[in-house]
file input.pdb (PDB, C-alpha atoms, pLDDT in the B column)
MODEL        1
ATOM      1  CA  MET A 118     -19.992 -18.060 -12.993  1.00 92.00           C
ATOM      2  CA  PHE A 119     -16.841 -18.681 -11.102  1.00 91.00           C
ATOM      3  CA  VAL A 120     -15.345 -21.692  -9.344  1.00 92.00           C
ATOM      4  CA  TYR A 121     -12.910 -21.169  -6.494  1.00 96.00           C
ATOM      5  CA  GLU A 122      -9.605 -23.023  -6.277  1.00 96.00           C
ATOM      6  CA  LYS A 123      -8.386 -23.273  -2.706  1.00 97.00           C
ATOM      7  CA  LYS A 124      -4.830 -22.155  -3.423  1.00 97.00           C
ATOM      8  CA  LEU A 125      -2.909 -19.006  -4.295  1.00 97.00           C
ATOM      9  CA  GLN A 126      -1.576 -18.607  -7.819  1.00 96.00           C
ATOM     10  CA  TYR A 127       1.871 -18.349  -6.191  1.00 96.00           C
ATOM     11  CA  PRO A 128       2.511 -19.086  -2.490  1.00 95.00           C
ATOM     12  CA  VAL A 129       2.906 -16.271   0.036  1.00 96.00           C
ATOM     13  CA  ASN A 130       4.924 -17.127   3.146  1.00 95.00           C
ATOM     14  CA  ILE A 131       5.893 -14.061   5.130  1.00 96.00           C
ATOM     15  CA  LYS A 132       7.479 -14.645   8.546  1.00 92.00           C
ATOM     16  CA  GLN A 133       8.369 -11.052   9.486  1.00 95.00           C
ATOM     17  CA  THR A 134       5.527  -8.562   9.902  1.00 96.00           C
ATOM     18  CA  ASN A 135       5.996  -5.064   8.438  1.00 97.00           C
ATOM     19  CA  PRO A 136       2.939  -2.788   8.797  1.00 97.00           C
ATOM     20  CA  LYS A 137       4.672   0.144   7.142  1.00 97.00           C
ATOM     21  CA  LEU A 138       5.250  -1.910   3.996  1.00 97.00           C
ATOM     22  CA  ALA A 139       1.666  -3.241   4.170  1.00 98.00           C
ATOM     23  CA  LYS A 140       0.329   0.327   3.878  1.00 97.00           C
ATOM     24  CA  ILE A 141       2.201   0.731   0.590  1.00 97.00           C
ATOM     25  CA  ILE A 142       1.399  -2.715  -0.814  1.00 98.00           C
ATOM     26  CA  ILE A 143      -2.333  -2.362  -0.122  1.00 98.00           C
ATOM     27  CA  THR A 144      -2.521   0.084  -3.032  1.00 97.00           C
ATOM     28  CA  GLN A 145      -2.042  -2.917  -5.320  1.00 97.00           C
ATOM     29  CA  TYR A 146      -5.164  -4.367  -3.668  1.00 98.00           C
ATOM     30  CA  GLY A 147      -7.604  -1.473  -3.845  1.00 98.00           C
ATOM     31  CA  GLY A 148      -5.692   1.469  -5.297  1.00 96.00           C
ATOM     32  CA  PRO A 149      -6.253   3.188  -8.673  1.00 94.00           C
ATOM     33  CA  ASP A 150      -4.014   0.716 -10.537  1.00 92.00           C
ATOM     34  CA  GLY A 151      -4.661  -2.246  -8.250  1.00 95.00           C
ATOM     35  CA  GLU A 152      -5.832  -5.766  -8.971  1.00 97.00           C
ATOM     36  CA  LEU A 153      -9.464  -5.116  -8.035  1.00 98.00           C
ATOM     37  CA  GLY A 154      -9.654  -2.316 -10.588  1.00 97.00           C
ATOM     38  CA  ALA A 155      -7.917  -4.453 -13.208  1.00 97.00           C
ATOM     39  CA  SER A 156     -10.280  -7.344 -12.618  1.00 98.00           C
ATOM     40  CA  LEU A 157     -13.444  -5.213 -12.781  1.00 98.00           C
ATOM     41  CA  ARG A 158     -12.110  -3.399 -15.837  1.00 97.00           C
ATOM     42  CA  TYR A 159     -11.591  -6.584 -17.856  1.00 97.00           C
ATOM     43  CA  LEU A 160     -14.645  -8.455 -16.602  1.00 98.00           C
ATOM     44  CA  SER A 161     -16.852  -5.427 -17.385  1.00 98.00           C
ATOM     45  CA  GLN A 162     -15.337  -4.468 -20.735  1.00 98.00           C
ATOM     46  CA  ARG A 163     -15.635  -8.007 -22.108  1.00 98.00           C
ATOM     47  CA  PHE A 164     -19.416  -7.926 -22.510  1.00 98.00           C
ATOM     48  CA  THR A 165     -19.342  -5.607 -25.502  1.00 98.00           C
ATOM     49  CA  MET A 166     -16.190  -6.914 -27.191  1.00 98.00           C
ATOM     50  CA  PRO A 167     -16.876  -7.720 -30.849  1.00 97.00           C
ATOM     51  CA  LEU A 168     -14.491 -10.667 -31.369  1.00 97.00           C
ATOM     52  CA  PRO A 169     -14.250 -14.102 -29.693  1.00 98.00           C
ATOM     53  CA  GLU A 170     -10.504 -13.615 -29.107  1.00 97.00           C
ATOM     54  CA  LEU A 171     -11.219 -10.468 -27.110  1.00 97.00           C
ATOM     55  CA  LYS A 172     -14.094 -11.969 -25.119  1.00 98.00           C
ATOM     56  CA  GLY A 173     -11.905 -14.948 -24.232  1.00 98.00           C
ATOM     57  CA  THR A 174      -8.830 -12.920 -23.322  1.00 97.00           C
ATOM     58  CA  LEU A 175     -10.697 -10.420 -21.161  1.00 98.00           C
ATOM     59  CA  THR A 176     -12.637 -13.179 -19.393  1.00 98.00           C
ATOM     60  CA  ASP A 177      -9.440 -15.069 -18.604  1.00 98.00           C
ATOM     61  CA  ILE A 178      -7.227 -12.164 -17.570  1.00 97.00           C
ATOM     62  CA  GLY A 179     -10.088 -10.591 -15.590  1.00 97.00           C
ATOM     63  CA  THR A 180     -10.342 -13.869 -13.706  1.00 97.00           C
ATOM     64  CA  GLU A 181      -6.571 -14.085 -13.263  1.00 97.00           C
ATOM     65  CA  GLU A 182      -6.547 -10.579 -11.739  1.00 97.00           C
ATOM     66  CA  LEU A 183      -8.874 -11.911  -9.021  1.00 98.00           C
ATOM     67  CA  GLY A 184      -6.154 -14.464  -8.274  1.00 98.00           C
ATOM     68  CA  HIS A 185      -3.648 -11.608  -8.054  1.00 98.00           C
ATOM     69  CA  LEU A 186      -6.019  -9.741  -5.721  1.00 98.00           C
ATOM     70  CA  GLU A 187      -6.031 -12.755  -3.449  1.00 98.00           C
ATOM     71  CA  MET A 188      -2.212 -12.914  -3.380  1.00 98.00           C
ATOM     72  CA  ILE A 189      -1.948  -9.208  -2.494  1.00 98.00           C
ATOM     73  CA  GLY A 190      -4.554  -9.695   0.240  1.00 98.00           C
ATOM     74  CA  ALA A 191      -2.501 -12.597   1.609  1.00 98.00           C
ATOM     75  CA  ILE A 192       0.658 -10.433   1.594  1.00 98.00           C
ATOM     76  CA  VAL A 193      -1.036  -7.584   3.489  1.00 98.00           C
ATOM     77  CA  TYR A 194      -2.639 -10.043   5.912  1.00 98.00           C
ATOM     78  CA  GLN A 195       0.657 -11.742   6.693  1.00 97.00           C
ATOM     79  CA  LEU A 196       2.527  -8.435   7.005  1.00 98.00           C
ATOM     80  CA  THR A 197       0.098  -7.193   9.675  1.00 97.00           C
ATOM     81  CA  ARG A 198      -1.024 -10.182  11.701  1.00 94.00           C
ATOM     82  CA  GLY A 199      -0.498 -10.289  15.465  1.00 93.00           C
ATOM     83  CA  LEU A 200       0.817  -6.719  15.765  1.00 95.00           C
ATOM     84  CA  SER A 201       1.370  -5.248  19.225  1.00 94.00           C
ATOM     85  CA  GLU A 202       0.151  -1.762  20.129  1.00 94.00           C
ATOM     86  CA  LYS A 203       3.770  -0.594  20.184  1.00 95.00           C
ATOM     87  CA  GLU A 204       4.433  -1.945  16.665  1.00 95.00           C
ATOM     88  CA  ILE A 205       1.273  -0.292  15.340  1.00 96.00           C
ATOM     89  CA  LYS A 206       2.223   3.116  16.728  1.00 95.00           C
ATOM     90  CA  GLU A 207       5.929   2.996  15.869  1.00 95.00           C
ATOM     91  CA  SER A 208       5.322   1.920  12.267  1.00 95.00           C
ATOM     92  CA  GLY A 209       2.744   4.635  11.573  1.00 94.00           C
ATOM     93  CA  PHE A 210       0.012   2.053  11.066  1.00 97.00           C
ATOM     94  CA  GLU A 211      -2.407   3.656  13.545  1.00 96.00           C
ATOM     95  CA  ASP A 212      -4.308   5.731  10.956  1.00 96.00           C
ATOM     96  CA  TYR A 213      -5.191   2.548   9.031  1.00 97.00           C
ATOM     97  CA  PHE A 214      -5.768   0.606  12.255  1.00 97.00           C
ATOM     98  CA  VAL A 215      -8.303   3.067  13.690  1.00 97.00           C
ATOM     99  CA  ASP A 216     -10.611   2.487  10.690  1.00 97.00           C
ATOM    100  CA  HIS A 217      -9.998  -1.167   9.829  1.00 97.00           C
ATOM    101  CA  THR A 218      -7.872  -2.751  12.601  1.00 97.00           C
ATOM    102  CA  THR A 219      -5.954  -5.414  10.658  1.00 97.00           C
ATOM    103  CA  GLY A 220      -8.811  -6.116   8.269  1.00 98.00           C
ATOM    104  CA  ILE A 221      -7.910  -6.079   4.565  1.00 98.00           C
ATOM    105  CA  TYR A 222      -9.739  -3.050   3.173  1.00 98.00           C
ATOM    106  CA  PRO A 223      -9.597  -2.158  -0.526  1.00 98.00           C
ATOM    107  CA  GLN A 224      -7.902   1.240  -0.530  1.00 98.00           C
ATOM    108  CA  GLY A 225      -4.991   3.045  -2.117  1.00 98.00           C
ATOM    109  CA  ALA A 226      -1.753   3.890  -0.294  1.00 97.00           C
ATOM    110  CA  SER A 227      -3.108   7.378   0.403  1.00 96.00           C
ATOM    111  CA  GLY A 228      -6.107   5.889   2.231  1.00 97.00           C
ATOM    112  CA  THR A 229      -8.603   6.627  -0.556  1.00 97.00           C
ATOM    113  CA  PRO A 230     -11.176   3.816  -0.650  1.00 98.00           C
ATOM    114  CA  PHE A 231     -11.372   1.745  -3.834  1.00 98.00           C
ATOM    115  CA  THR A 232     -13.167   3.692  -6.535  1.00 98.00           C
ATOM    116  CA  ALA A 233     -14.424   2.680  -9.965  1.00 97.00           C
ATOM    117  CA  ALA A 234     -13.613   6.274 -10.987  1.00 97.00           C
ATOM    118  CA  ALA A 235     -10.092   5.037 -11.807  1.00 94.00           C
ATOM    119  CA  LEU A 236     -11.362   2.758 -14.561  1.00 95.00           C
ATOM    120  CA  GLN A 237     -13.472   3.168 -17.656  1.00 96.00           C
ATOM    121  CA  VAL A 238     -15.820   1.051 -19.776  1.00 97.00           C
ATOM    122  CA  LYS A 239     -16.840   2.681 -23.081  1.00 97.00           C
ATOM    123  CA  GLY A 240     -18.342  -0.193 -25.065  1.00 97.00           C
ATOM    124  CA  ASP A 241     -15.921   0.439 -27.921  1.00 97.00           C
ATOM    125  CA  ALA A 242     -13.204  -2.167 -28.478  1.00 96.00           C
ATOM    126  CA  ILE A 243     -10.402   0.207 -29.530  1.00 96.00           C
ATOM    127  CA  THR A 244     -11.168   2.708 -26.772  1.00 96.00           C
ATOM    128  CA  ASP A 245     -11.340  -0.009 -24.100  1.00 96.00           C
ATOM    129  CA  LEU A 246      -8.125  -1.687 -25.255  1.00 94.00           C
ATOM    130  CA  HIS A 247      -6.316   1.667 -25.097  1.00 94.00           C
ATOM    131  CA  GLU A 248      -7.695   2.179 -21.603  1.00 94.00           C
ATOM    132  CA  ASN A 249      -6.295  -1.248 -20.677  1.00 93.00           C
ATOM    133  CA  MET A 250      -2.859  -0.382 -22.002  1.00 92.00           C
ATOM    134  CA  ALA A 251      -2.846   2.867 -20.028  1.00 91.00           C
ATOM    135  CA  ALA A 252      -3.884   1.014 -16.855  1.00 89.00           C
ATOM    136  CA  GLU A 253      -1.241  -1.691 -17.272  1.00 86.00           C
ATOM    137  CA  GLN A 254       1.425   1.032 -17.443  1.00 82.00           C
ATOM    138  CA  GLY A 255       0.092   2.581 -14.238  1.00 58.00           C
ATOM    139  CA  LEU A 256       3.053   1.558 -12.087  1.00 49.00           C
TER     140      LEU A 256
ATOM    141  CA  MET B1080       8.610 -25.961   3.147  1.00 87.00           C
ATOM    142  CA  THR B1081       6.287 -28.710   4.325  1.00 93.00           C
ATOM    143  CA  GLU B1082       5.338 -31.701   2.154  1.00 96.00           C
ATOM    144  CA  ARG B1083       1.982 -30.009   1.505  1.00 96.00           C
ATOM    145  CA  GLU B1084       3.597 -26.765   0.374  1.00 95.00           C
ATOM    146  CA  ILE B1085       6.083 -28.543  -1.909  1.00 96.00           C
ATOM    147  CA  LEU B1086       3.313 -30.516  -3.607  1.00 97.00           C
ATOM    148  CA  LEU B1087       1.120 -27.429  -3.962  1.00 96.00           C
ATOM    149  CA  LYS B1088       3.979 -25.491  -5.539  1.00 96.00           C
ATOM    150  CA  LYS B1089       4.579 -28.283  -8.076  1.00 97.00           C
ATOM    151  CA  ILE B1090       0.867 -28.252  -8.970  1.00 98.00           C
ATOM    152  CA  SER B1091       0.876 -24.471  -9.288  1.00 97.00           C
ATOM    153  CA  THR B1092       3.945 -24.549 -11.539  1.00 97.00           C
ATOM    154  CA  TYR B1093       2.310 -26.890 -14.081  1.00 98.00           C
ATOM    155  CA  GLN B1094      -1.034 -25.130 -13.815  1.00 97.00           C
ATOM    156  CA  PHE B1095       0.564 -21.734 -14.367  1.00 97.00           C
ATOM    157  CA  ALA B1096       2.348 -23.007 -17.466  1.00 98.00           C
ATOM    158  CA  ALA B1097      -0.938 -24.404 -18.792  1.00 98.00           C
ATOM    159  CA  PHE B1098      -2.773 -21.208 -17.906  1.00 97.00           C
ATOM    160  CA  ASP B1099      -0.276 -18.968 -19.705  1.00 97.00           C
ATOM    161  CA  LEU B1100      -0.568 -21.118 -22.820  1.00 98.00           C
ATOM    162  CA  GLN B1101      -4.365 -20.880 -22.565  1.00 98.00           C
ATOM    163  CA  LEU B1102      -4.069 -17.084 -22.666  1.00 98.00           C
ATOM    164  CA  PHE B1103      -1.938 -17.387 -25.778  1.00 98.00           C
ATOM    165  CA  LEU B1104      -4.531 -19.725 -27.285  1.00 98.00           C
ATOM    166  CA  ASP B1105      -7.250 -17.108 -26.696  1.00 98.00           C
ATOM    167  CA  THR B1106      -5.666 -15.074 -29.478  1.00 98.00           C
ATOM    168  CA  HIS B1107      -4.214 -18.057 -31.424  1.00 98.00           C
ATOM    169  CA  PRO B1108      -7.020 -20.661 -31.251  1.00 98.00           C
ATOM    170  CA  TYR B1109      -5.699 -22.717 -34.194  1.00 98.00           C
ATOM    171  CA  ASP B1110      -2.107 -23.057 -32.961  1.00 98.00           C
ATOM    172  CA  ARG B1111      -1.948 -26.839 -32.644  1.00 98.00           C
ATOM    173  CA  LYS B1112       1.577 -26.937 -31.211  1.00 98.00           C
ATOM    174  CA  THR B1113       0.572 -24.680 -28.320  1.00 98.00           C
ATOM    175  CA  LEU B1114      -2.645 -26.638 -27.816  1.00 98.00           C
ATOM    176  CA  GLU B1115      -0.632 -29.858 -27.443  1.00 98.00           C
ATOM    177  CA  LYS B1116       1.837 -28.205 -25.062  1.00 98.00           C
ATOM    178  CA  MET B1117      -1.015 -26.854 -22.935  1.00 98.00           C
ATOM    179  CA  LYS B1118      -2.589 -30.329 -22.693  1.00 98.00           C
ATOM    180  CA  GLU B1119       0.803 -31.751 -21.742  1.00 98.00           C
ATOM    181  CA  TYR B1120       1.130 -29.396 -18.748  1.00 98.00           C
ATOM    182  CA  LYS B1121      -2.461 -30.022 -17.683  1.00 98.00           C
ATOM    183  CA  ALA B1122      -1.821 -33.762 -17.772  1.00 98.00           C
ATOM    184  CA  LEU B1123       1.300 -33.304 -15.613  1.00 98.00           C
ATOM    185  CA  ALA B1124      -0.705 -31.424 -12.981  1.00 98.00           C
ATOM    186  CA  GLN B1125      -3.592 -33.909 -12.870  1.00 97.00           C
ATOM    187  CA  PRO B1126      -2.033 -36.791 -10.851  1.00 98.00           C
ATOM    188  CA  LEU B1127      -0.459 -34.279  -8.463  1.00 98.00           C
ATOM    189  CA  VAL B1128      -3.859 -32.684  -7.831  1.00 97.00           C
ATOM    190  CA  ALA B1129      -5.312 -36.143  -7.123  1.00 95.00           C
ATOM    191  CA  GLU B1130      -2.435 -36.885  -4.722  1.00 97.00           C
ATOM    192  CA  TYR B1131      -2.834 -33.525  -2.987  1.00 96.00           C
ATOM    193  CA  GLU B1132      -6.592 -33.875  -2.523  1.00 94.00           C
ATOM    194  CA  GLU B1133      -6.172 -37.407  -1.204  1.00 93.00           C
ATOM    195  CA  LYS B1134      -3.609 -36.287   1.387  1.00 94.00           C
ATOM    196  CA  PHE B1135      -4.588 -32.741   2.278  1.00 94.00           C
ATOM    197  CA  GLY B1136      -8.176 -32.118   1.254  1.00 92.00           C
ATOM    198  CA  PRO B1137     -10.032 -30.539  -1.631  1.00 94.00           C
ATOM    199  CA  LEU B1138      -8.706 -27.832  -3.942  1.00 96.00           C
ATOM    200  CA  THR B1139     -12.170 -27.390  -5.448  1.00 94.00           C
ATOM    201  CA  LYS B1140     -15.600 -28.349  -4.184  1.00 89.00           C
ATOM    202  CA  SER B1141     -15.872 -31.031  -6.859  1.00 80.00           C
ATOM    203  CA  MET B1142     -13.838 -33.334  -4.602  1.00 68.00           C
ATOM    204  CA  THR B1143     -16.335 -35.117  -2.323  1.00 68.00           C
ATOM    205  CA  SER B1144     -14.711 -38.421  -1.381  1.00 67.00           C
ATOM    206  CA  SER B1145     -14.337 -37.506   2.293  1.00 71.00           C
ATOM    207  CA  ASN B1146     -17.070 -38.527   4.741  1.00 82.00           C
ATOM    208  CA  HIS B1147     -17.340 -35.017   6.135  1.00 86.00           C
ATOM    209  CA  TRP B1148     -17.267 -31.511   4.666  1.00 90.00           C
ATOM    210  CA  HIS B1149     -13.503 -31.067   4.493  1.00 90.00           C
ATOM    211  CA  TRP B1150     -13.784 -27.877   2.428  1.00 92.00           C
ATOM    212  CA  ILE B1151     -13.768 -25.488   5.401  1.00 92.00           C
ATOM    213  CA  MET B1152     -10.641 -26.982   7.034  1.00 91.00           C
ATOM    214  CA  GLY B1153      -7.526 -24.823   7.108  1.00 91.00           C
ATOM    215  CA  PRO B1154      -5.016 -23.752   6.203  1.00 94.00           C
ATOM    216  CA  TRP B1155      -6.788 -21.437   3.792  1.00 96.00           C
ATOM    217  CA  PRO B1156      -4.608 -20.084   0.992  1.00 97.00           C
ATOM    218  CA  TRP B1157      -3.632 -16.892   2.840  1.00 97.00           C
ATOM    219  CA  GLU B1158      -2.647 -18.745   6.014  1.00 95.00           C
ATOM    220  CA  ASN B1159       0.548 -20.463   7.113  1.00 86.00           C
ATOM    221  CA  GLU B1160       0.542 -24.030   8.407  1.00 80.00           C
ATOM    222  CA  GLU B1161       1.114 -22.833  11.972  1.00 75.00           C
ATOM    223  CA  ASP B1162      -2.087 -20.727  11.874  1.00 72.00           C
ATOM    224  CA  CYS B1163      -4.157 -23.907  12.083  1.00 66.00           C
TER     225      CYS B1163
ENDMDL
END

call {"tool": "encode", "arguments": {"input": "input.pdb", "output": "structure tokens"}}
result
Amino acid sequence: MFVYEKKLQYPVNIKQTNPKLAKIIITQYGGPDGELGASLRYLSQRFTMPLPELKGTLTDIGTEELGHLEMIGAIVYQLTRGLSEKEIKESGFEDYFVDHTTGIYPQGASGTPFTAAALQVKGDAITDLHENMAAEQGL
Amino acid sequence: MTEREILLKKISTYQFAAFDLQLFLDTHPYDRKTLEKMKEYKALAQPLVAEYEEKFGPLTKSMTSSNHWHWIMGPWPWENEEDC
């Protein structure tokens, strides 16, 4: 199970909104190489890992990625809060806004909703570790 | 930064150091030097966590000393002080 700590791994304090930037950064939230994918990848692959070192590492980094997810969510939230109609239209944020307003939706920069199709779990340690390395080089 | 933010950043710094060493220990479980270093950072964070929770409320739900359910009070981690 998991226990929540009421803090970010590193503080996020954004004073100036920037919806255009938010639309790019959200890909790190729910895009193909984002934190949600990373977290699910590690937390799912760990079940069939053959060695204690691997079970431990994947459990801990899978959990840490959830902390990263929370930081990215905080960044997108702070970049888009309190926007005026004019700011939404001028920044090109209206296509996101019409579906989600300023809610934090897990999607890639292209608008594709989060999909588990961008990750893999094969139940084989070597295969899964290679998949991890490929994913970590995604950006 | 406010007093709360400064204290939280200090806590996070020690906790992050401890956490990174824990990841190293996952693949080097018998490295006694790293184990000692990790405990050292955890010990440094501990009194700061106690101070923070005393002044600003719980970081985890294990803290129950308050006479009401302080857990839901803001600011939540994604909020600024002025949001509350």

call {"tool": "atom_distance", "arguments": {"input": "input.pdb", "atom1": "atom CA of Tyr159 of chain A", "atom2": "atom CA of Asn249 of chain A"}}
result
8.0 Å

call {"tool": "resolve_selection", "arguments": {"input": "input.pdb", "expression": "the ChimeraX specification (/B :<6) & /A", "output": "PDB file with C-alpha atoms, in the coordinates of the input"}}
result
ATOM      1  CA  GLU A 122      -9.605 -23.023  -6.277  1.00 96.00           C
ATOM      2  CA  LYS A 123      -8.386 -23.273  -2.706  1.00 97.00           C
ATOM      3  CA  LYS A 124      -4.830 -22.155  -3.423  1.00 97.00           C
ATOM      4  CA  LEU A 125      -2.909 -19.006  -4.295  1.00 97.00           C
ATOM      5  CA  GLU A 170     -10.504 -13.615 -29.107  1.00 97.00           C
ATOM      6  CA  GLY A 173     -11.905 -14.948 -24.232  1.00 98.00           C
ATOM      7  CA  THR A 174      -8.830 -12.920 -23.322  1.00 97.00           C
ATOM      8  CA  ALA A 191      -2.501 -12.597   1.609  1.00 98.00           C
TER       9      ALA A 191
END

call {"tool": "residues_around", "arguments": {"input": "input.pdb", "residues": "Glu152 of chain A", "least_positions_apart": "2", "cutoff": "9 Å", "atoms": "all atoms listed in the file", "output": "PyMOL selection string"}}
result
chain A and resi 144-150+154-157+182-187+189

call {"tool": "residues_around", "arguments": {"input": "input.pdb", "residues": "Phe164 of chain A", "least_positions_apart": "3", "cutoff": "10 Å", "atoms": "all atoms listed in the file", "output": "list in words"}}
result
Tyr159, Leu160, Ser161, Pro167, Leu171, Lys172, Leu175, Thr176 and Gly240 of chain A

call {"tool": "resolve_selection", "arguments": {"input": "input.pdb", "expression": "the PyMOL selection byres ((chain B and resi 1117) around 10)", "output": "list in words"}}
result
Tyr1093, Gln1094, Ala1096, Ala1097, Phe1098, Asp1099, Leu1100, Gln1101, Phe1103, Leu1104, Arg1111, Lys1112, Thr1113, Leu1114, Glu1115, Lys1116, Lys1118, Glu1119, Tyr1120, Lys1121 and Ala1122 of chain B

call {"tool": "residues_around", "arguments": {"input": "input.pdb", "residues": "Lys140 of chain A", "least_positions_apart": "4", "cutoff": "8 Å", "atoms": "only C-alpha atoms", "output": "ChimeraX atom specification"}}
result
/A:136,144,210,213,226

call {"tool": "residues_around", "arguments": {"input": "input.pdb", "residues": "Ser201 of chain A", "least_positions_apart": "3", "cutoff": "12 Å", "atoms": "all atoms listed in the file", "output": "PyMOL selection string"}}
result
chain A and resi 134-136+197-198+204-208+210-211+214+218-219

call {"tool": "residues_around", "arguments": {"input": "input.pdb", "residues": "Glu1082 of chain B", "least_positions_apart": "3", "cutoff": "12 Å", "atoms": "all atoms listed in the file", "output": "list in words"}}
result
Ile1085, Leu1086, Leu1087, Lys1088, Lys1089, Glu1130, Tyr1131, Lys1134, Phe1135 and Glu1160 of chain B

call {"tool": "atom_distance", "arguments": {"input": "input.pdb", "atom1": "atom CA of Asp216 of chain A", "atom2": "atom CA of Ala233 of chain A"}}
result
21.0 Å

call {"tool": "atom_distance", "arguments": {"input": "input.pdb", "atom1": "atom CA of Ala235 of chain A", "atom2": "atom CA of Ala251 of chain A"}}
result
11.2 Å

call {"tool": "closest_residue", "arguments": {"input": "input.pdb", "among": "A:Leu236, A:Ile192, A:Thr180, A:Gly225", "to": "Pro128 of chain A", "atoms": "all atoms listed in the file"}}
result
A:Ile192

call {"tool": "resolve_selection", "arguments": {"input": "input.pdb", "expression": "the PyMOL selection byres ((chain A and resi 132) around 9)", "output": "list in words"}}
result
Asn130, Ile131, Gln133, Thr134, Gln195 and Leu196 of chain A

call {"tool": "write_last_selection", "arguments": {"input": "input.pdb", "atoms": "C-alpha atoms", "output": "CSV table (one decimal), in the frame of the given file"}}
result
chain,number,residue,atom,x,y,z
A,130,ASN,CA,4.9,-17.1,3.1
A,131,ILE,CA,5.9,-14.1,5.1
A,133,GLN,CA,8.4,-11.1,9.5
A,134,THR,CA,5.5,-8.6,9.9
A,195,GLN,CA,0.7,-11.7,6.7
A,196,LEU,CA,2.5,-8.4,7.0

call {"tool": "axis_aligned_box", "arguments": {"input": "input.pdb", "around": "segment 234-253 of chain A", "padding_each_side": "8 Å", "output": "JSON"}}
result
{"center_x": -9.8, "center_y": 2.1, "center_z": -20.3, "size_x": 33.1, "size_y": 24.4, "size_z": 34.5}

call {"tool": "closest_residue", "arguments": {"input": "input.pdb", "among": "A:Pro169, A:Gly220, A:Gly190, A:Pro230", "to": "Ile143 of chain A", "atoms": "only C-alpha atoms"}}
result
A:Gly190

call {"tool": "closest_residue", "arguments": {"input": "input.pdb", "among": "B:Asp1162, B:Ser1145, B:Thr1081, B:Ile1090", "to": "Pro1126 of chain B", "atoms": "only C-alpha atoms"}}
result
B:Ile1090
